[in-house]
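Q: After the structure tokens below, expect a handful of questions from me.
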Amino acid sequence: MAWATAPAAEEVAGMPGSAKVMAAFTVGGLVMVTAYSVTLGNNGWLWFGWVVLGLLTVGVVAARGT
């Protein structure tokens with residue numbers, strides 16, 4: 001009977017380390033932009049930047065998935 005080895009961490013999560021870091025920065029950016037908007041008022045450029053970061057993150061995750 002052969003013992004199965006545990007899959008690598010990036011296989012379990014489905015994303016390599018760099019994509020995980022980028023996703024973490026995207027979520028952190030969302031929290032920061034939301035906090036800024038709540039405390040100091042809305043800034044369209046911050047939201048635009050967050051959307052661009054989000055789209056880049058989706059692109060990196062999609063590219064790494066193939």
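Chain labels run A, B, ... following the order of the structure tokens; each chain numbers its residues from 1, and ligands are numbered from 1 in the order shown.
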Skipping near chain neighbours, those fewer than 6 positions away, what residues fall within 12 Å of Ala63 (chain A) using only C-alpha atoms, listed as a list in words?
A: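 Residues near the query, excluding close chain neighbours: Met15, Pro16, Ser18, Ala19, Leu56 and Thr57 of chain A.
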Q: Keeping N, CA, C and O atoms for every residue in the selection just given, could you write it to a file as a compact mmCIF listing (two decimals), in the first residue's frame?
A:
```txt
# COMPACT_ATOMS: atom_id res chain seq x y z
N MET A 15 -3.52 28.63 -6.05
CA MET A 15 -2.82 29.82 -6.51
C MET A 15 -1.37 29.75 -6.05
O MET A 15 -1.11 29.33 -4.94
N PRO A 16 -0.45 30.17 -6.91
CA PRO A 16 0.94 30.24 -6.46
C PRO A 16 1.14 31.40 -5.48
O PRO A 16 0.26 32.25 -5.31
N SER A 18 2.90 34.18 -5.47
CA SER A 18 2.82 35.56 -5.94
C SER A 18 1.38 36.00 -6.15
O SER A 18 1.03 37.15 -5.87
N ALA A 19 0.54 35.11 -6.61
CA ALA A 19 -0.87 35.45 -6.81
C ALA A 19 -1.57 35.63 -5.46
O ALA A 19 -2.44 36.49 -5.32
N LEU A 56 -5.89 43.53 -12.45
CA LEU A 56 -4.56 42.93 -12.59
C LEU A 56 -4.45 41.64 -11.80
O LEU A 56 -3.87 40.65 -12.27
N THR A 57 -5.03 41.62 -10.62
CA THR A 57 -5.01 40.41 -9.80
C THR A 57 -5.76 39.27 -10.48
O THR A 57 -5.27 38.14 -10.52
```
Q: What's the 7 Å shell around Gly54 (chain A), counting only C-alpha atoms, without same-chain residues fewer than 4 positions away, as a ChimeraX atom specification?
A: /A:26,50,58
Q: Could you check how far CA of Leu53 (chain A) sits from CA of Lys20 (chain A), in Å to one decimal?
A: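 Computed distance, CA of Leu53 (chain A) to CA of Lys20 (chain A), equals 13.4 Å.
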Q: If I take CA of Asn42 (chain A) and CA of Val60 (chain A), how far is one from the other in Å, to one decimal?
A: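 Taking CA of Asn42 (chain A) and CA of Val60 (chain A), their separation equals 28.2 Å.
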Q: Give me, please, the distance in Å between CA of Ala35 (chain A) and CA of Ala62 (chain A), quoted to one decimal.
A: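 CA of Ala35 (chain A) sits 28.7 Å away from CA of Ala62 (chain A).
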